[in-house]
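Here's start16.pdb, which has PDB, C-alpha atoms:
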```pdb
ATOM      1  CA  HIS A   1      43.915  66.562   0.639
ATOM      2  CA  LYS A   2      40.260  66.626   1.664
ATOM      3  CA  SER A   3      39.260  64.178  -1.031
ATOM      4  CA  ARG A   4      42.117  61.867  -0.088
ATOM      5  CA  ALA A   5      41.044  61.940   3.584
ATOM      6  CA  ALA A   6      37.403  61.358   2.565
ATOM      7  CA  SER A   7      38.549  58.484   0.364
ATOM      8  CA  GLU A   8      40.502  56.921   3.244
ATOM      9  CA  ARG A   9      37.516  57.317   5.583
ATOM     10  CA  SER A  10      35.269  55.715   2.956
ATOM     11  CA  ARG A  11      37.766  52.922   2.464
ATOM     12  CA  ALA A  12      38.057  52.373   6.248
ATOM     13  CA  GLU A  13      34.258  52.391   6.584
ATOM     14  CA  ALA A  14      33.953  49.915   3.705
ATOM     15  CA  GLU A  15      36.635  47.726   5.311
ATOM     16  CA  ARG A  16      34.793  47.874   8.660
ATOM     17  CA  VAL A  17      31.460  46.949   7.014
ATOM     18  CA  LEU A  18      33.104  44.101   5.075
ATOM     19  CA  THR A  19      34.847  42.807   8.201
ATOM     20  CA  SER A  20      31.579  42.982  10.131
ATOM     21  CA  ALA A  21      29.778  41.132   7.324
ATOM     22  CA  ALA A  22      32.552  38.509   7.200
ATOM     23  CA  ASN A  23      32.355  38.036  10.982
ATOM     24  CA  SER A  24      28.575  37.691  10.770
ATOM     25  CA  MET A  25      29.009  35.165   7.987
ATOM     26  CA  VAL A  26      31.485  33.138  10.076
ATOM     27  CA  LYS A  27      29.136  33.252  13.059
ATOM     28  CA  ALA A  28      26.189  32.101  10.911
ATOM     29  CA  TRP A  29      28.402  29.438   9.318
ATOM     30  CA  ASN A  30      29.432  28.094  12.718
ATOM     31  CA  THR A  31      25.862  28.241  14.069
ATOM     32  CA  THR A  32      24.605  26.295  11.049
ATOM     33  CA  ASN A  33      27.397  23.740  11.384
ATOM     34  CA  GLN A  34      26.570  23.327  15.090
ATOM     35  CA  ALA A  35      22.874  22.887  14.269
ATOM     36  CA  PHE A  36      23.789  20.314  11.615
ATOM     37  CA  SER A  37      26.011  18.452  14.088
ATOM     38  CA  GLU A  38      23.223  18.415  16.685
ATOM     39  CA  ARG A  39      20.725  17.173  14.098
ATOM     40  CA  ILE A  40      23.119  14.409  13.054
ATOM     41  CA  SER A  41      23.621  13.448  16.702
ATOM     42  CA  GLU A  42      19.856  13.373  17.373
ATOM     43  CA  CYS A  43      19.241  11.395  14.184
ATOM     44  CA  SER A  44      21.996   8.949  15.137
ATOM     45  CA  ASP A  45      20.514   8.507  18.631
ATOM     46  CA  THR A  46      17.072   7.890  17.143
ATOM     47  CA  HIS A  47      18.585   5.428  14.659
ATOM     48  CA  THR A  48      20.213   3.522  17.541
ATOM     49  CA  LYS A  49      16.964   3.492  19.536
ATOM     50  CA  LEU A  50      15.033   2.221  16.511
ATOM     51  CA  GLN A  51      17.561  -0.582  16.049
ATOM     52  CA  GLY A  52      17.203  -1.521  19.718
ATOM     53  CA  HIS A  53      13.433  -1.521  19.416
ATOM     54  CA  LEU A  54      13.705  -3.674  16.290
ATOM     55  CA  SER A  55      15.906  -6.175  18.150
ATOM     56  CA  LEU A  56      13.324  -6.420  20.934
ATOM     57  CA  THR A  57      10.539  -6.826  18.384
ATOM     58  CA  LEU A  58      12.443  -9.606  16.609
ATOM     59  CA  GLN A  59      12.966 -11.385  19.950
ATOM     60  CA  GLU A  60       9.267 -11.033  20.763
ATOM     61  CA  LEU A  61       8.384 -12.460  17.336
ATOM     62  CA  TYR A  62      10.712 -15.407  17.915
ATOM     63  CA  ASP A  63       9.200 -16.060  21.366
ATOM     64  CA  LEU A  64       5.680 -15.705  19.999
ATOM     65  CA  ASP A  65       6.418 -18.177  17.182
ATOM     66  CA  ARG A  66       7.587 -20.701  19.763
ATOM     67  CA  TYR A  67       4.425 -20.053  21.836
ATOM     68  CA  ILE A  68       2.210 -20.515  18.752
ATOM     69  CA  LYS A  69       3.926 -23.831  17.941
ATOM     70  CA  MET A  70       3.434 -24.940  21.549
ATOM     71  CA  LEU A  71      -0.279 -24.061  21.344
ATOM     72  CA  MET A  72      -0.650 -25.909  18.047
ATOM     73  CA  ASN A  73       1.019 -28.980  19.555
ATOM     74  CA  ALA A  74      -1.272 -28.764  22.596
ATOM     75  CA  ILE A  75      -4.325 -28.509  20.328
ATOM     76  CA  LYS A  76      -3.110 -31.497  18.339
ATOM     77  CA  ALA A  77      -2.472 -33.428  21.554
ATOM     78  CA  LYS A  78      -6.023 -32.728  22.827
ATOM     79  CA  SER A  79      -7.721 -33.503  19.494
ATOM     80  CA  ALA A  80      -6.933 -37.228  19.461
ATOM     81  CA  PRO A  81      -8.268 -37.935  22.996
ATOM     82  CA  LEU A  82     -11.369 -35.857  22.176
ATOM     83  CA  LYS A  83     -12.055 -37.969  19.074
ATOM     84  CA  VAL A  84     -11.630 -41.169  21.070
ATOM     85  CA  ALA A  85     -13.962 -39.940  23.827
ATOM     86  CA  GLN A  86     -16.530 -38.741  21.250
ATOM     87  CA  SER A  87     -16.378 -42.100  19.437
ATOM     88  CA  ARG A  88     -16.867 -44.030  22.666
ATOM     89  CA  LEU A  89     -19.761 -41.746  23.622
ATOM     90  CA  GLU A  90     -21.321 -42.188  20.176
ATOM     91  CA  LEU A  91     -21.036 -45.985  20.460
ATOM     92  CA  ARG A  92     -22.692 -45.918  23.888
ATOM     93  CA  THR A  93     -25.637 -43.897  22.539
ATOM     94  CA  HIS A  94     -26.358 -46.646  19.958
ATOM     95  CA  ARG A  95     -26.708 -49.419  22.541
ATOM     96  CA  PRO A  96     -29.926 -51.373  22.661
ATOM     97  CA  GLU A  97     -32.706 -49.925  24.788
ATOM     98  CA  VAL A  98     -32.051 -51.985  27.883
ATOM     99  CA  GLU A  99     -28.331 -51.153  27.931
ATOM    100  CA  ALA A 100     -28.795 -47.466  26.993
ATOM    101  CA  THR A 101     -28.645 -46.156  30.499
ATOM    102  CA  LYS A 102     -27.117 -43.076  31.929
ATOM    103  CA  ASP A 103     -24.633 -44.819  34.204
ATOM    104  CA  ASN A 104     -21.375 -43.572  35.730
ATOM    105  CA  PRO A 105     -19.214 -44.431  32.696
ATOM    106  CA  GLN A 106     -21.705 -42.563  30.430
ATOM    107  CA  ILE A 107     -21.624 -39.521  32.727
ATOM    108  CA  SER A 108     -17.818 -39.665  32.887
ATOM    109  CA  LEU A 109     -17.583 -39.790  29.076
ATOM    110  CA  ILE A 110     -19.925 -36.814  28.701
ATOM    111  CA  SER A 111     -17.906 -34.910  31.300
ATOM    112  CA  GLU A 112     -14.614 -35.870  29.590
ATOM    113  CA  VAL A 113     -15.873 -34.722  26.166
ATOM    114  CA  MET A 114     -17.108 -31.426  27.588
ATOM    115  CA  GLU A 115     -13.830 -30.835  29.442
ATOM    116  CA  LEU A 116     -11.739 -31.586  26.347
ATOM    117  CA  GLN A 117     -13.957 -29.309  24.211
ATOM    118  CA  ASN A 118     -13.578 -26.496  26.773
ATOM    119  CA  GLN A 119      -9.799 -26.945  26.846
ATOM    120  CA  LEU A 120      -9.646 -26.929  23.035
ATOM    121  CA  ALA A 121     -11.808 -23.804  22.876
ATOM    122  CA  LYS A 122      -9.467 -22.042  25.335
ATOM    123  CA  LEU A 123      -6.393 -23.182  23.406
ATOM    124  CA  ASN A 124      -7.917 -22.011  20.109
ATOM    125  CA  ALA A 125      -8.762 -18.635  21.656
ATOM    126  CA  LYS A 126      -5.172 -18.302  22.896
ATOM    127  CA  LEU A 127      -3.926 -19.276  19.443
ATOM    128  CA  ASP A 128      -6.112 -16.618  17.804
ATOM    129  CA  ASP A 129      -4.825 -14.008  20.273
ATOM    130  CA  ALA A 130      -1.228 -15.057  19.666
ATOM    131  CA  GLU A 131      -1.660 -14.895  15.887
ATOM    132  CA  SER A 132      -3.213 -11.408  16.188
ATOM    133  CA  ALA A 133      -0.307 -10.300  18.364
ATOM    134  CA  LYS A 134       2.114 -11.782  15.826
ATOM    135  CA  LYS A 135       0.485  -9.794  13.019
ATOM    136  CA  MET A 136       0.801  -6.594  15.079
ATOM    137  CA  LEU A 137       4.469  -7.350  15.802
ATOM    138  CA  GLU A 138       5.118  -8.019  12.113
ATOM    139  CA  ASP A 139       3.521  -4.658  11.259
ATOM    140  CA  THR A 140       5.679  -2.994  13.921
ATOM    141  CA  LYS A 141       8.759  -4.756  12.544
ATOM    142  CA  ARG A 142       7.985  -3.553   9.019
ATOM    143  CA  ASP A 143       7.444   0.029  10.250
ATOM    144  CA  LEU A 144      10.675  -0.038  12.271
ATOM    145  CA  GLU A 145      12.656  -1.356   9.305
ATOM    146  CA  LYS A 146      11.206   1.423   7.137
ATOM    147  CA  ASP A 147      12.053   4.063   9.759
ATOM    148  CA  ILE A 148      15.592   2.677  10.090
ATOM    149  CA  ARG A 149      16.082   2.846   6.301
ATOM    150  CA  ILE A 150      14.895   6.471   6.320
ATOM    151  CA  LYS A 151      17.182   7.392   9.250
ATOM    152  CA  THR A 152      20.122   5.640   7.581
ATOM    153  CA  LEU A 153      19.536   7.621   4.398
ATOM    154  CA  SER A 154      19.134  10.858   6.373
ATOM    155  CA  LEU A 155      22.407  10.222   8.177
ATOM    156  CA  LEU A 156      24.148   9.455   4.899
ATOM    157  CA  ILE A 157      22.884  12.673   3.341
ATOM    158  CA  ASP A 158      23.613  14.819   6.405
ATOM    159  CA  ARG A 159      27.050  13.365   7.201
ATOM    160  CA  GLN A 160      28.548  12.530   3.853
ATOM    161  CA  ARG A 161      26.904  15.011   1.591
ATOM    162  CA  CYS A 162      25.848  18.139   3.480
ATOM    163  CA  MET A 163      28.426  18.338   6.268
ATOM    164  CA  ALA A 164      31.302  17.130   4.086
ATOM    165  CA  PHE A 165      30.401  19.765   1.513
ATOM    166  CA  ARG A 166      29.995  22.480   4.146
ATOM    167  CA  LEU A 167      33.286  21.716   5.861
ATOM    168  CA  ASN A 168      35.193  21.694   2.574
ATOM    169  CA  PHE A 169      33.480  24.710   1.050
ATOM    170  CA  PRO A 170      36.076  27.454   0.439
ATOM    171  CA  TYR A 171      35.288  30.849   1.892
ATOM    172  CA  HIS A 172      37.391  33.658   3.218
ATOM    173  CA  THR A 173      36.711  35.798   6.252
ATOM    174  CA  ARG A 174      38.407  38.794   4.726
ATOM    175  CA  CYS A 175      37.460  40.429   1.512
ATOM    176  CA  VAL A 176      40.511  41.606  -0.348
ATOM    177  CA  CYS A 177      39.714  44.740  -2.272
ATOM    178  CA  GLY A 178      42.378  46.263  -4.368
ATOM    179  CA  PRO A 179      42.729  48.232  -7.531
ATOM    180  CA  ARG A 180      41.465  46.450 -10.604
ATOM    181  CA  GLU A 181      44.005  45.654 -13.179
ATOM    182  CA  THR A 182      42.994  46.904 -16.538
ATOM    183  CA  GLU A 183      43.336  44.600 -19.426
ATOM    184  CA  VAL A 184      45.663  45.572 -22.170
ATOM    185  CA  GLN A 185      44.236  44.976 -25.572
TER     186      GLN A 185
END
```
Please express the file's structure as structure tokens.
Amino acid sequence: HKSRAASERSRAEAERVLTSAANSMVKAWNTTNQAFSERISECSDTHTKLQGHLSLTLQELYDLDRYIKMLMNAIKAKSAPLKVAQSRLELRTHRPEVEATKDNPQISLISEVMELQNQLAKLNAKLDDAESAKKMLEDTKRDLEKDIRIKTLSLLIDRQRCMAFRLNFPYHTRCVCGPRETEVQ
């Protein structure tokens, strides 16, 4: 009688410990699943933000390309008048001594050449700045595309591999302990 009662107490204690362990396992399982879901949500939000940033960067690159073309056209447009003014100035400097005077047309030509050279220098400086900015945007674009690929792969792994496996993994909250069947040989 005493051994039977002790056996029942032991069995009840074992059942209580197993139930407690199973409940702890379920709690840990749910906590991990919640953490995974939060990580997937954060990763998805970051992925969306990166895509938005990439869209803005692509628009900035497009606008900058148009600006660079405009600057190149402006430089081209200023180059021809500068050559004409320089040629006229050069011809005036080769005049015979009596006609080689510093008159108003000569002063105007010198002023025109200097003004055109200043404008071209400013346009070339703007072009250099724009091309530097374009290089930085292209680097940013490349980095964003790399980050998006990484986030896409992370989401694929987390959603389709880890979470799918976790949610379909068979486990039982109750351990069924019973007498072992002995094999008959």
Translate the PyMOL selection byres ((chain A and resi 106-115) around 7) into a concrete residue list for this structure, as a VMD selection string.
chain A and resid 82 85 to 86 89 102 to 105 116 to 119
Output for the residues just chosen: C-alpha atoms as a tab-separated table (two decimals), in the coordinates of the input:
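In the end it all went to part21.tsv:
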```tsv
chain	number	residue	atom	x	y	z
A	82	LEU	CA	-11.37	-35.86	22.18
A	85	ALA	CA	-13.96	-39.94	23.83
A	86	GLN	CA	-16.53	-38.74	21.25
A	89	LEU	CA	-19.76	-41.75	23.62
A	102	LYS	CA	-27.12	-43.08	31.93
A	103	ASP	CA	-24.63	-44.82	34.20
A	104	ASN	CA	-21.38	-43.57	35.73
A	105	PRO	CA	-19.21	-44.43	32.70
A	116	LEU	CA	-11.74	-31.59	26.35
A	117	GLN	CA	-13.96	-29.31	24.21
A	118	ASN	CA	-13.58	-26.50	26.77
A	119	GLN	CA	-9.80	-26.94	26.85
```
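Here the PyMOL selection byres ((chain A and resi 71) around 10) captures the residues Asp65, Arg66, Tyr67, Ile68, Lys69, Met70, Met72, Asn73, Ala74, Ile75, Lys76, Ala77, Leu120, Leu123, Asn124, Lys126, Leu127 and Ala130 of chain A.
Minimum atom-to-atom distances from A:Ser87, A:Ser44, A:Ser132, A:Ser24 to Leu153 of chain A were compared using all atoms listed in the file, and the lowest value belongs to A:Ser44.
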Give me, as JSON lines, each residue of segment 37-107 of chain A that comes within 12 Å of segment 155-167 of chain A, together with its shortest interatomic pair and the distance in Å at one decimal, counting all atoms listed in the file, with rows ordered by chain and rising residue number.
```
{"residue": "A:Ser37", "atom": "CA", "partner": "A:Met163", "partner_atom": "CA", "distance": 8.2}
{"residue": "A:Glu38", "atom": "CA", "partner": "A:Asp158", "partner_atom": "CA", "distance": 10.9}
{"residue": "A:Arg39", "atom": "CA", "partner": "A:Asp158", "partner_atom": "CA", "distance": 8.5}
{"residue": "A:Ile40", "atom": "CA", "partner": "A:Leu155", "partner_atom": "CA", "distance": 6.5}
{"residue": "A:Ser41", "atom": "CA", "partner": "A:Leu155", "partner_atom": "CA", "distance": 9.2}
{"residue": "A:Glu42", "atom": "CA", "partner": "A:Leu155", "partner_atom": "CA", "distance": 10.1}
{"residue": "A:Cys43", "atom": "CA", "partner": "A:Leu155", "partner_atom": "CA", "distance": 6.9}
{"residue": "A:Ser44", "atom": "CA", "partner": "A:Leu155", "partner_atom": "CA", "distance": 7.1}
{"residue": "A:Asp45", "atom": "CA", "partner": "A:Leu155", "partner_atom": "CA", "distance": 10.8}
{"residue": "A:Thr46", "atom": "CA", "partner": "A:Leu155", "partner_atom": "CA", "distance": 10.7}
{"residue": "A:His47", "atom": "CA", "partner": "A:Leu155", "partner_atom": "CA", "distance": 8.9}
{"residue": "A:Thr48", "atom": "CA", "partner": "A:Leu155", "partner_atom": "CA", "distance": 11.7}
```
Selection export as a CSV table (one decimal), keeping the file's coordinate frame, atoms kept: C-alpha atoms:
```
chain,number,residue,atom,x,y,z
A,37,SER,CA,26.0,18.5,14.1
A,38,GLU,CA,23.2,18.4,16.7
A,39,ARG,CA,20.7,17.2,14.1
A,40,ILE,CA,23.1,14.4,13.1
A,41,SER,CA,23.6,13.4,16.7
A,42,GLU,CA,19.9,13.4,17.4
A,43,CYS,CA,19.2,11.4,14.2
A,44,SER,CA,22.0,8.9,15.1
A,45,ASP,CA,20.5,8.5,18.6
A,46,THR,CA,17.1,7.9,17.1
A,47,HIS,CA,18.6,5.4,14.7
A,48,THR,CA,20.2,3.5,17.5
```
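Atom CA of Thr140 of chain A is positioned 11.5 Å from atom CA of Ser55 of chain A.
Restricting the calculation to all atoms listed in the file, the smallest distance between Leu54 of chain A and any of A:Lys78, A:Lys141, A:His1, A:Lys27 is found for A:Lys141.
Distance-wise, atom CA of Arg16 of chain A and atom CA of Ala35 of chain A end up 28.2 Å apart.
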Padded axis-aligned box of segment 78-90 of chain A (6 Å per side), centre and edge lengths, Å, one decimal, as AutoDock Vina command-line options:
```
--center_x -13.7 --center_y -38.4 --center_z 21.5 --size_x 27.3 --size_y 23.3 --size_z 16.8
```
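Coordinates place atom CA of Gly52 of chain A at a distance of 16.4 Å from atom CA of Asp139 of chain A.
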